file target_31.cif (mmCIF, C-alpha atoms and all ligand atoms)
data_final
#
loop_
_atom_site.label_atom_id
_atom_site.label_comp_id
_atom_site.auth_asym_id
_atom_site.auth_seq_id
_atom_site.Cartn_x
_atom_site.Cartn_y
_atom_site.Cartn_z
CA MET B 1 8.14 -15.67 28.89
CA SER B 2 7.09 -18.07 26.16
CA ASN B 3 9.59 -19.92 24.12
CA LEU B 4 9.37 -17.85 20.93
CA GLN B 5 11.81 -17.56 18.04
CA LEU B 6 12.43 -13.80 17.86
CA THR B 7 15.60 -13.64 15.77
CA TRP B 8 15.55 -14.45 12.07
CA SER B 9 18.06 -14.09 9.26
CA GLU B 10 17.26 -12.00 6.19
CA ALA B 11 17.20 -15.17 4.08
CA GLU B 12 14.66 -16.71 6.45
CA LEU B 13 12.39 -13.67 6.29
CA LEU B 14 12.51 -13.75 2.49
CA ALA B 15 11.86 -17.50 2.23
CA ASN B 16 8.90 -18.85 0.28
CA ASP B 17 6.61 -21.72 1.15
CA ASP B 18 6.78 -24.62 -1.29
CA VAL B 19 4.12 -24.40 -3.97
CA ALA B 20 2.74 -27.17 -6.15
CA GLU B 21 1.94 -24.78 -8.97
CA PRO B 22 3.10 -21.21 -9.71
CA LEU B 23 0.67 -18.34 -10.29
CA VAL B 24 0.52 -17.33 -13.96
CA ALA B 25 -1.93 -14.58 -14.96
CA GLY B 26 -2.49 -13.53 -18.55
CA GLY B 27 0.84 -15.09 -19.49
CA VAL B 28 2.66 -13.26 -16.68
CA ARG B 29 4.54 -15.35 -14.13
CA CYS B 30 3.64 -13.86 -10.76
CA HIS B 31 4.91 -14.38 -7.23
CA GLY B 32 3.09 -16.78 -4.95
CA GLY B 33 1.41 -19.96 -6.11
CA PHE B 34 -0.88 -22.78 -5.09
CA GLY B 35 -0.42 -25.46 -2.47
CA ASP B 36 -1.31 -29.13 -2.88
CA ASP B 37 -4.85 -28.31 -1.75
CA GLY B 38 -5.18 -25.65 -4.49
CA ARG B 39 -5.19 -22.77 -2.03
CA TYR B 40 -3.31 -19.58 -2.88
CA VAL B 41 -0.01 -19.18 -1.05
CA SER B 42 1.43 -15.66 -0.63
CA PRO B 43 5.12 -15.07 -1.37
CA ARG B 44 7.79 -14.79 1.34
CA ALA B 45 5.33 -15.82 4.02
CA LYS B 46 7.01 -19.01 5.26
CA ASN B 47 8.81 -17.36 8.20
CA ARG B 48 7.73 -13.72 7.94
CA VAL B 49 4.20 -14.52 9.14
CA PRO B 50 5.14 -16.65 12.19
CA ALA B 51 7.99 -14.24 12.99
CA THR B 52 5.60 -11.26 13.09
CA GLU B 53 3.17 -13.21 15.27
CA ALA B 54 6.02 -14.06 17.65
CA TRP B 55 7.14 -10.40 17.89
CA GLN B 56 3.56 -9.38 18.62
CA GLN B 57 3.18 -11.97 21.36
CA SER B 58 6.53 -11.09 22.87
CA HIS B 59 5.61 -7.41 22.90
CA ARG B 60 2.31 -8.09 24.64
CA GLU B 61 4.10 -10.12 27.29
CA LEU B 62 6.92 -7.62 27.86
CA PHE B 63 4.90 -4.40 27.79
CA ASP B 64 1.41 -5.59 28.65
CA ALA B 65 0.19 -3.47 25.73
CA ASP B 66 -1.94 -3.97 22.65
CA ILE B 67 -0.69 -3.80 19.08
CA LEU B 68 -1.87 -0.53 17.57
CA ASP B 69 -4.44 -0.56 14.88
CA ALA B 70 -5.57 1.62 11.98
CA PRO B 71 -9.19 0.54 11.43
CA ILE B 72 -10.40 0.62 7.83
CA GLU B 73 -13.54 2.53 8.94
CA LEU B 74 -11.35 5.62 9.24
CA TRP B 75 -11.26 5.86 5.44
CA PRO B 76 -14.10 6.42 2.98
CA GLU B 77 -15.07 3.93 0.30
CA ALA B 78 -13.62 3.82 -3.18
CA PHE B 79 -14.43 6.58 -5.65
CA PRO B 80 -15.95 6.11 -8.16
CA ASN B 81 -17.89 3.48 -6.21
CA VAL B 82 -19.04 0.14 -7.67
CA ALA B 83 -22.41 1.46 -8.89
CA GLN B 84 -20.81 4.51 -10.50
CA THR B 85 -18.16 2.37 -12.17
CA LYS B 86 -20.73 -0.06 -13.56
CA HIS B 87 -22.85 2.86 -14.75
CA LEU B 88 -19.89 4.11 -16.81
CA LEU B 89 -19.07 0.62 -18.10
CA ARG B 90 -22.68 0.07 -19.18
CA GLU B 91 -22.55 3.39 -21.03
CA GLY B 92 -19.46 2.11 -22.87
CA ILE B 93 -17.00 4.30 -20.93
CA PRO B 94 -14.17 2.05 -19.67
CA GLY B 95 -11.50 4.80 -19.50
CA PRO B 96 -11.77 5.80 -15.82
CA THR B 97 -11.65 2.16 -14.67
CA ILE B 98 -8.66 1.40 -16.89
CA SER B 99 -6.82 4.45 -15.54
CA ALA B 100 -7.78 3.56 -11.94
CA LEU B 101 -6.27 0.08 -12.31
CA THR B 102 -3.16 1.58 -13.91
CA ARG B 103 -2.83 4.10 -11.08
CA ILE B 104 -3.24 1.42 -8.40
CA GLY B 105 -0.57 -0.79 -9.98
CA THR B 106 1.84 2.12 -10.32
CA VAL B 107 1.33 3.30 -6.76
CA GLU B 108 1.78 -0.27 -5.48
CA GLY B 109 5.13 -0.32 -7.28
CA PHE B 110 6.14 2.86 -5.42
CA GLY B 111 5.83 0.82 -2.20
CA SER B 112 9.21 -0.68 -3.10
CA MET B 113 10.87 2.65 -2.19
CA ILE B 114 10.70 1.48 1.43
CA ARG B 115 13.91 -0.49 0.74
CA ALA B 116 15.80 2.83 0.32
CA VAL B 117 15.44 3.57 4.04
CA ASN B 118 18.83 3.72 5.69
CA VAL B 119 18.99 4.20 9.44
CA GLU B 120 22.41 3.46 10.85
CA GLN B 121 22.81 1.79 14.21
CA MET B 122 19.11 1.45 14.92
CA GLN B 123 19.68 0.48 18.57
CA ARG B 124 21.35 3.82 19.34
CA ASN B 125 17.99 5.56 18.85
CA PHE B 126 16.22 3.64 21.62
CA ALA B 127 16.81 3.56 25.37
CA GLU B 128 15.52 -0.01 25.69
CA SER B 129 16.88 -3.05 23.88
CA ILE B 130 15.44 -3.78 20.44
CA ASP B 131 16.78 -7.35 20.36
CA GLY B 132 14.18 -9.80 19.14
CA THR B 133 11.81 -7.17 17.75
CA ALA B 134 10.37 -6.34 14.34
CA ILE B 135 12.28 -3.01 14.59
CA ALA B 136 15.55 -4.94 14.56
CA HIS B 137 14.49 -6.82 11.41
CA LEU B 138 13.16 -3.89 9.33
CA GLN B 139 16.38 -3.35 7.42
CA SER B 140 17.33 -7.02 7.33
CA GLY B 141 14.38 -8.65 5.65
CA LEU B 142 11.07 -6.90 6.33
CA PHE B 143 11.49 -3.85 4.07
CA GLU B 144 13.07 -5.98 1.35
CA ALA B 145 10.25 -8.55 1.43
CA HIS B 146 7.71 -5.72 1.23
CA ALA B 147 9.55 -4.12 -1.72
CA ARG B 148 9.68 -7.42 -3.61
CA ASP B 149 5.97 -8.09 -3.01
CA GLU B 150 5.02 -4.70 -4.45
CA ALA B 151 7.39 -4.31 -7.37
CA GLY B 152 8.30 -7.90 -8.24
CA TRP B 153 11.60 -9.70 -7.95
CA GLU B 154 13.74 -11.33 -10.61
CA GLU B 155 11.48 -13.15 -13.06
CA GLU B 156 8.41 -13.04 -10.81
CA ALA B 157 5.91 -10.20 -11.19
CA GLY B 158 4.75 -8.39 -8.04
CA HIS B 159 1.65 -6.34 -7.34
CA ARG B 160 2.50 -3.61 -9.86
CA GLN B 161 2.42 -6.02 -12.79
CA MET B 162 -0.39 -8.09 -11.25
CA TRP B 163 -2.74 -5.07 -11.30
CA PHE B 164 -1.74 -4.42 -14.90
CA ALA B 165 -2.43 -8.08 -15.69
CA ALA B 166 -5.86 -7.80 -14.04
CA ARG B 167 -6.60 -4.72 -16.13
CA ASP B 168 -5.42 -6.43 -19.32
CA LEU B 169 -7.51 -9.55 -18.65
CA ALA B 170 -10.70 -7.60 -17.96
CA PHE B 171 -10.29 -5.03 -20.73
CA GLU B 172 -8.36 -7.13 -23.26
CA ASN B 173 -5.08 -5.23 -23.33
CA PRO B 174 -6.53 -1.72 -23.51
CA VAL B 175 -3.38 0.39 -23.37
CA THR B 176 0.13 0.50 -24.78
CA GLU B 177 3.20 1.50 -22.76
CA ASP B 178 3.04 5.06 -24.22
CA MET B 179 -0.64 5.45 -23.37
CA THR B 180 0.08 4.28 -19.84
CA GLN B 181 2.73 6.96 -19.46
CA THR B 182 0.39 9.70 -20.80
CA MET B 183 -2.32 8.55 -18.40
CA LEU B 184 0.02 8.62 -15.39
CA VAL B 185 1.28 12.11 -16.25
CA ARG B 186 -2.33 13.33 -16.70
CA MET B 187 -3.19 12.00 -13.24
CA GLY B 188 -0.11 13.62 -11.70
CA ILE B 189 1.23 10.22 -10.60
CA VAL B 190 4.54 10.67 -12.45
CA PRO B 191 6.08 13.98 -13.57
CA ALA B 192 5.98 14.85 -17.30
CA GLY B 193 9.43 14.05 -18.66
CA GLY B 194 10.76 14.97 -15.24
CA LYS B 195 13.11 13.05 -13.05
CA PRO B 196 12.14 11.66 -9.66
CA PRO B 197 13.47 13.80 -6.77
CA SER B 198 17.12 13.27 -5.92
CA PRO B 199 18.08 11.89 -2.48
CA GLU B 200 19.19 15.45 -1.52
CA GLU B 201 15.78 16.88 -2.45
CA VAL B 202 14.04 14.12 -0.50
CA ARG B 203 16.20 14.99 2.50
CA ARG B 204 15.53 18.73 2.19
CA ASN B 205 11.79 18.10 2.04
CA ALA B 206 12.06 15.86 5.09
CA GLU B 207 13.91 18.57 6.98
CA ALA B 208 11.11 21.02 6.20
CA VAL B 209 8.46 18.81 7.84
CA ARG B 210 10.68 17.52 10.63
CA ARG B 211 8.92 17.37 14.01
CA PHE B 212 11.70 16.05 16.29
CA PRO B 213 14.90 17.95 15.41
CA ASP B 214 16.96 16.11 18.02
CA LEU B 215 16.18 12.67 16.55
CA ASP B 216 18.20 11.21 13.69
CA LEU B 217 16.51 12.65 10.58
CA SER B 218 16.70 9.29 8.78
CA LEU B 219 14.86 7.67 11.67
CA GLU B 220 12.06 10.25 11.62
CA MET B 221 11.82 9.86 7.83
CA MET B 222 11.56 6.10 8.26
CA VAL B 223 8.79 6.32 10.87
CA ARG B 224 6.92 8.88 8.76
CA ARG B 225 7.14 6.60 5.73
CA MET B 226 6.03 3.55 7.73
CA VAL B 227 2.96 5.32 9.11
CA GLY B 228 2.10 6.64 5.63
CA LEU B 229 2.49 3.16 4.15
CA LEU B 230 0.38 1.58 6.87
CA PHE B 231 -2.43 4.04 6.07
CA ILE B 232 -2.14 3.33 2.34
CA GLU B 233 -2.15 -0.41 3.00
CA VAL B 234 -5.24 -0.31 5.24
CA SER B 235 -7.26 2.15 3.16
CA ALA B 236 -6.44 0.07 0.06
CA PHE B 237 -8.76 -2.66 1.35
CA HIS B 238 -11.60 -0.41 0.15
CA THR B 239 -9.97 -0.41 -3.29
CA PHE B 240 -9.68 -4.20 -3.22
CA ALA B 241 -13.35 -4.60 -2.36
CA TRP B 242 -14.26 -2.24 -5.20
CA ALA B 243 -11.96 -3.98 -7.70
CA GLU B 244 -13.12 -7.49 -6.75
CA GLU B 245 -16.75 -6.57 -7.17
CA VAL B 246 -16.31 -4.68 -10.44
CA LEU B 247 -13.92 -7.18 -12.01
CA SER B 248 -16.08 -10.19 -11.18
CA ASP B 249 -18.88 -8.84 -13.40
CA THR B 250 -18.66 -11.24 -16.34
CA GLU B 251 -21.38 -9.45 -18.27
CA LEU B 252 -19.58 -6.14 -18.42
CA LEU B 253 -15.99 -7.39 -18.57
CA ALA B 254 -13.85 -9.98 -20.30
CA GLY B 255 -11.61 -12.68 -18.85
CA ASP B 256 -14.16 -14.81 -16.96
CA ALA B 257 -13.57 -12.91 -13.69
CA ARG B 258 -9.95 -14.04 -13.59
CA ALA B 259 -8.99 -10.43 -12.91
CA ALA B 260 -11.07 -10.46 -9.71
CA GLU B 261 -9.33 -13.66 -8.64
CA LEU B 262 -5.97 -11.99 -9.15
CA VAL B 263 -7.03 -9.04 -6.98
CA ARG B 264 -8.04 -11.52 -4.27
CA PHE B 265 -4.50 -12.95 -4.31
CA ILE B 266 -2.95 -9.48 -4.14
CA ARG B 267 -5.20 -8.67 -1.17
CA ALA B 268 -4.03 -11.79 0.65
CA ASP B 269 -0.42 -10.67 0.20
CA GLU B 270 -1.11 -7.32 1.87
CA THR B 271 -1.90 -8.67 5.32
CA PRO B 272 1.77 -9.38 6.20
CA HIS B 273 2.57 -5.75 5.30
CA VAL B 274 -0.06 -4.34 7.64
CA GLU B 275 1.05 -6.73 10.38
CA TYR B 276 4.79 -6.00 10.39
CA LEU B 277 4.23 -2.23 10.10
CA ARG B 278 1.83 -2.05 13.03
CA THR B 279 4.06 -4.35 15.08
CA ALA B 280 7.22 -2.27 14.60
CA LEU B 281 5.34 0.99 15.22
CA THR B 282 3.90 -0.46 18.44
CA GLU B 283 7.36 -1.54 19.61
CA MET B 284 8.55 2.04 19.03
CA ARG B 285 5.49 3.57 20.72
CA ASP B 286 6.20 1.65 23.92
CA ARG B 287 9.93 2.44 24.00
CA THR B 288 11.88 5.64 24.59
CA PHE B 289 13.57 7.47 21.71
CA VAL B 290 17.06 8.84 22.30
CA GLY B 291 18.03 12.00 20.43
CA GLU B 292 21.44 12.96 19.11
CA SER B 293 22.05 15.14 22.21
CA GLY B 294 21.26 12.20 24.47
CA ALA B 295 17.89 13.70 25.50
CA THR B 296 14.93 11.32 25.45
CA VAL B 297 11.37 11.57 24.22
CA SER B 298 8.64 9.03 24.81
CA GLY B 299 7.74 6.73 21.95
CA ALA B 300 4.08 7.53 22.53
CA GLN B 301 4.81 11.18 21.76
CA VAL B 302 6.87 10.44 18.63
CA ILE B 303 4.49 7.86 17.16
CA GLY B 304 1.40 9.80 18.26
CA THR B 305 2.59 13.03 16.63
CA LEU B 306 3.65 11.45 13.35
CA TRP B 307 0.49 9.29 13.32
CA ASP B 308 -1.86 12.27 13.77
CA THR B 309 -0.04 14.34 11.14
CA ALA B 310 -0.17 11.53 8.60
CA LEU B 311 -3.82 10.79 9.30
CA GLU B 312 -4.80 14.40 8.76
CA GLN B 313 -2.87 14.38 5.48
CA SER B 314 -4.43 11.08 4.39
CA LEU B 315 -8.03 12.13 5.10
CA GLY B 316 -7.54 15.74 4.04
CA ALA B 317 -5.12 16.82 1.31
CA ASN B 318 -4.47 13.33 -0.10
CA ARG B 319 -8.16 12.45 -0.29
CA GLU B 320 -9.01 15.74 -1.95
CA SER B 321 -6.28 15.43 -4.54
CA PHE B 322 -7.35 11.84 -5.20
CA LEU B 323 -11.00 12.87 -5.74
CA ARG B 324 -9.91 15.59 -8.15
CA THR B 325 -7.76 13.15 -10.11
CA ALA B 326 -10.46 10.49 -10.28
CA MET B 327 -13.13 13.01 -11.27
CA GLY B 328 -10.71 14.43 -13.84
CA GLU B 329 -10.49 10.98 -15.44
CA VAL B 330 -14.29 10.75 -15.67
CA GLU B 331 -14.43 14.23 -17.22
CA HIS B 332 -11.62 13.34 -19.62
CA ALA B 333 -13.41 10.18 -20.78
CA LEU B 334 -16.67 12.09 -21.35
CA ALA B 335 -15.19 15.27 -22.83
CA SER B 336 -16.51 14.86 -26.37
CA HIS B 337 -19.33 12.44 -25.62
CA PRO B 338 -22.69 13.56 -27.11
CA ARG B 339 -24.54 12.43 -23.95
CA ARG B 340 -21.96 13.79 -21.51
CA ASP B 341 -24.42 15.66 -19.26
CA ASP B 342 -26.86 12.75 -19.00
CA ILE B 343 -24.15 10.26 -18.13
CA LEU B 344 -22.64 12.65 -15.60
CA ASP B 345 -26.01 13.24 -13.94
CA GLY B 346 -26.48 9.50 -13.56
CA PHE B 347 -22.95 9.21 -12.21
CA ARG B 348 -23.49 11.90 -9.57
CA ALA B 349 -26.84 10.45 -8.51
CA LEU B 350 -25.06 7.20 -7.59
CA GLY B 351 -22.41 8.90 -5.47
CA SER B 352 -22.31 10.63 -2.11
CA GLU B 353 -22.38 14.30 -1.28
CA GLY B 354 -18.78 14.52 -0.14
CA GLU B 355 -17.60 14.03 -3.71
CA TRP B 356 -19.65 16.91 -5.11
CA ALA B 357 -17.22 19.50 -3.91
CA VAL B 358 -14.74 18.45 -6.59
CA SER B 359 -17.30 17.94 -9.33
CA PRO B 360 -17.35 20.70 -11.91
FE FE B 401 0.69 -4.44 -2.65
FE FE B 402 1.35 -3.73 0.40
#

call {"tool": "encode", "arguments": {"input": "target_31.cif", "output": "structure tokens", "more": "lines below"}}
Ligand SMILES: [Fe+2]
Ligand SMILES: [Fe+2]
result
Amino acid sequence: MSNLQLTWSEAELLANDDVAEPLVAGGVRCHGGFGDDGRYVSPRAKNRVPATEAWQQSHRELFDADILDAPIELWPEAFPNVAQTKHLLREGIPGPTISALTRIGTVEGFGSMIRAVNVEQMQRNFAESIDGTAIAHLQSGLFEAHARDEAGWEEEAGHRQMWFAARDLAFENPVTEDMTQTMLVRMGIVPAGGKPPSPEEVRRNAEAVRRFPDLDLSLEMMVRRMVGLLFIEVSAFHTFAWAEEVLSDTELLAGDARAAELVRFIRADETPHVEYLRTALTEMRDRTFVGESGATVSGAQVIGTLWDTALEQSLGANRESFLRTAMGEVEHALASHPRRDDILDGFRALGSEGEWAVSP
């Protein structure tokens, strides 16, 4: 067994590297910064990154097993794609791109809900020890670091505000707070005047989709949320590639491609999220879950079942609803345009067949 540090305090997992200069984008003070060599430094990476590497190595040595992976090839490219987006921008239709960037920022902010997970006595749910694992650090540092990266912390903006800053740099402050709200309601991202679901409603919904009734419901909810988040994190790399390419076009957009630079920094911050999630899920896969009755079920069965269910949802219902929303934004932007049909024909010609199903 190598001599690895496998136990870290919450403060250690939240610690930042020293930076020579903070990251400020469009007047917004963001997390992260720049080292002496000018390279971007992600937030809260000082110990979180080596800790995750150590847990991975330890797991490989103890279980002789690989860390599971969700390859990006499983997910389709961004829609609208780069060519379709530029086609709209050239035609003077920025609306769908502005709403896409607003949606991405808002959804990134939702990632902070991971800190609401509350599983009591984590060890009780596993037959084998979880000492020195990522599992043991989820609720004492890893979820909190993830939440802060996505939604910001104290005076430092996180990904939510960084996407908005990218949008505002490229499109020169295109929307007010009210317009943002209207846009999010139109896209079905937030309910109109409604409240978010109460903890009781969340629990009732979780009970309805529960697959392992003998396991602690909070634990199954946590695993389900982690798998869902991992899929969002990985598939988002398509969105990053799209955003970097579109936003670096200095002929079509303002801000000297600073928005694209900002997206590159956000992308760098995502890697620690993917890494800790796949590490903890692997540790669970190779252990044995213990139910409330004392009966056991293999981790491979629990993780495999929840993984397959979430993947089907991600590639099926979620993708379809996303395509509808995105196409709805294009339709909305063109609704009273005198050359609507022409522009739409050009738009479709640049896309792929799979998207036609949702086109009107
Ligand atoms: Fe993020
Ligand atoms: Fe993330």

call {"tool": "atom_distance", "arguments": {"input": "target_31.cif", "atom1": "atom CA of Gln301 of chain B", "atom2": "atom CA of Asp131 of chain B"}}
result
22.1 Å

call {"tool": "residues_near_ligand", "arguments": {"input": "target_31.cif", "ligand": "ligand FE 402 (chain B)", "cutoff": "12 Å", "atoms": "only C-alpha atoms and all ligand atoms", "output": "JSON, numbers by chain"}}
result
{"B": [42, 104, 105, 107, 108, 109, 110, 111, 112, 113, 114, 142, 143, 144, 145, 146, 147, 148, 149, 150, 151, 152, 158, 159, 160, 226, 228, 229, 230, 231, 232, 233, 234, 235, 236, 237, 240, 265, 266, 267, 268, 269, 270, 271, 272, 273, 274, 275, 276, 277]}

call {"tool": "closest_residue", "arguments": {"input": "target_31.cif", "among": "B:Val28, B:Leu23, B:Arg90, B:Thr239", "to": "Tyr40 of chain B", "atoms": "all atoms listed in the file"}}
result
B:Leu23

call {"tool": "closest_residue", "arguments": {"input": "target_31.cif", "among": "B:Gln161, B:Asn173, B:Ser198, B:Ser314", "to": "ligand FE 401 (chain B)", "atoms": "all atoms listed in the file"}}
result
B:Gln161

call {"tool": "axis_aligned_box", "arguments": {"input": "target_31.cif", "around": "segment 245-257 of chain B", "padding_each_side": "6 Å", "output": "AutoDock Vina command-line options"}}
result
--center_x -16.5 --center_y -9.7 --center_z -13.7 --size_x 21.8 --size_y 22.1 --size_z 25.1

call {"tool": "atom_distance", "arguments": {"input": "target_31.cif", "atom1": "atom CA of Gly95 of chain B", "atom2": "atom CA of Val185 of chain B"}}
result
15.1 Å

call {"tool": "closest_residue", "arguments": {"input": "target_31.cif", "among": "B:Ser218, B:Ser2, B:Thr309, B:Ser336", "to": "Arg60 of chain B", "atoms": "all atoms listed in the file"}}
result
B:Ser2

call {"tool": "atom_distance", "arguments": {"input": "target_31.cif", "atom1": "atom CA of Pro80 of chain B", "atom2": "atom CA of Met162 of chain B"}}
result
21.3 Å

call {"tool": "closest_residue", "arguments": {"input": "target_31.cif", "among": "B:Ala280, B:Leu215, B:Ala54, B:Leu262", "to": "ligand FE 401 (chain B)", "atoms": "only C-alpha atoms and all ligand atoms"}}
result
B:Leu262

call {"tool": "residues_near_point", "arguments": {"input": "target_31.cif", "point": "(11.5, -4.3, 20.3)", "cutoff": "12 Å", "atoms": "all atoms listed in the file", "output": "VMD selection string"}}
result
chain B and resid 6 to 7 52 54 to 63 122 to 123 125 to 138 279 to 288 299

call {"tool": "closest_residue", "arguments": {"input": "target_31.cif", "among": "B:Val227, B:Leu252, B:Arg348, B:Ala51", "to": "Thr305 of chain B", "atoms": "only C-alpha atoms"}}
result
B:Val227

call {"tool": "residues_around", "arguments": {"input": "target_31.cif", "residues": "Val209 of chain B", "least_positions_apart": "3", "cutoff": "12 Å", "atoms": "only C-alpha atoms", "output": "list of chain:residue names"}}
result
B:Val202, B:Arg203, B:Arg204, B:Asn205, B:Ala206, B:Phe212, B:Pro213, B:Leu217, B:Glu220, B:Met221, B:Arg224, B:Leu306, B:Thr309, B:Ala310
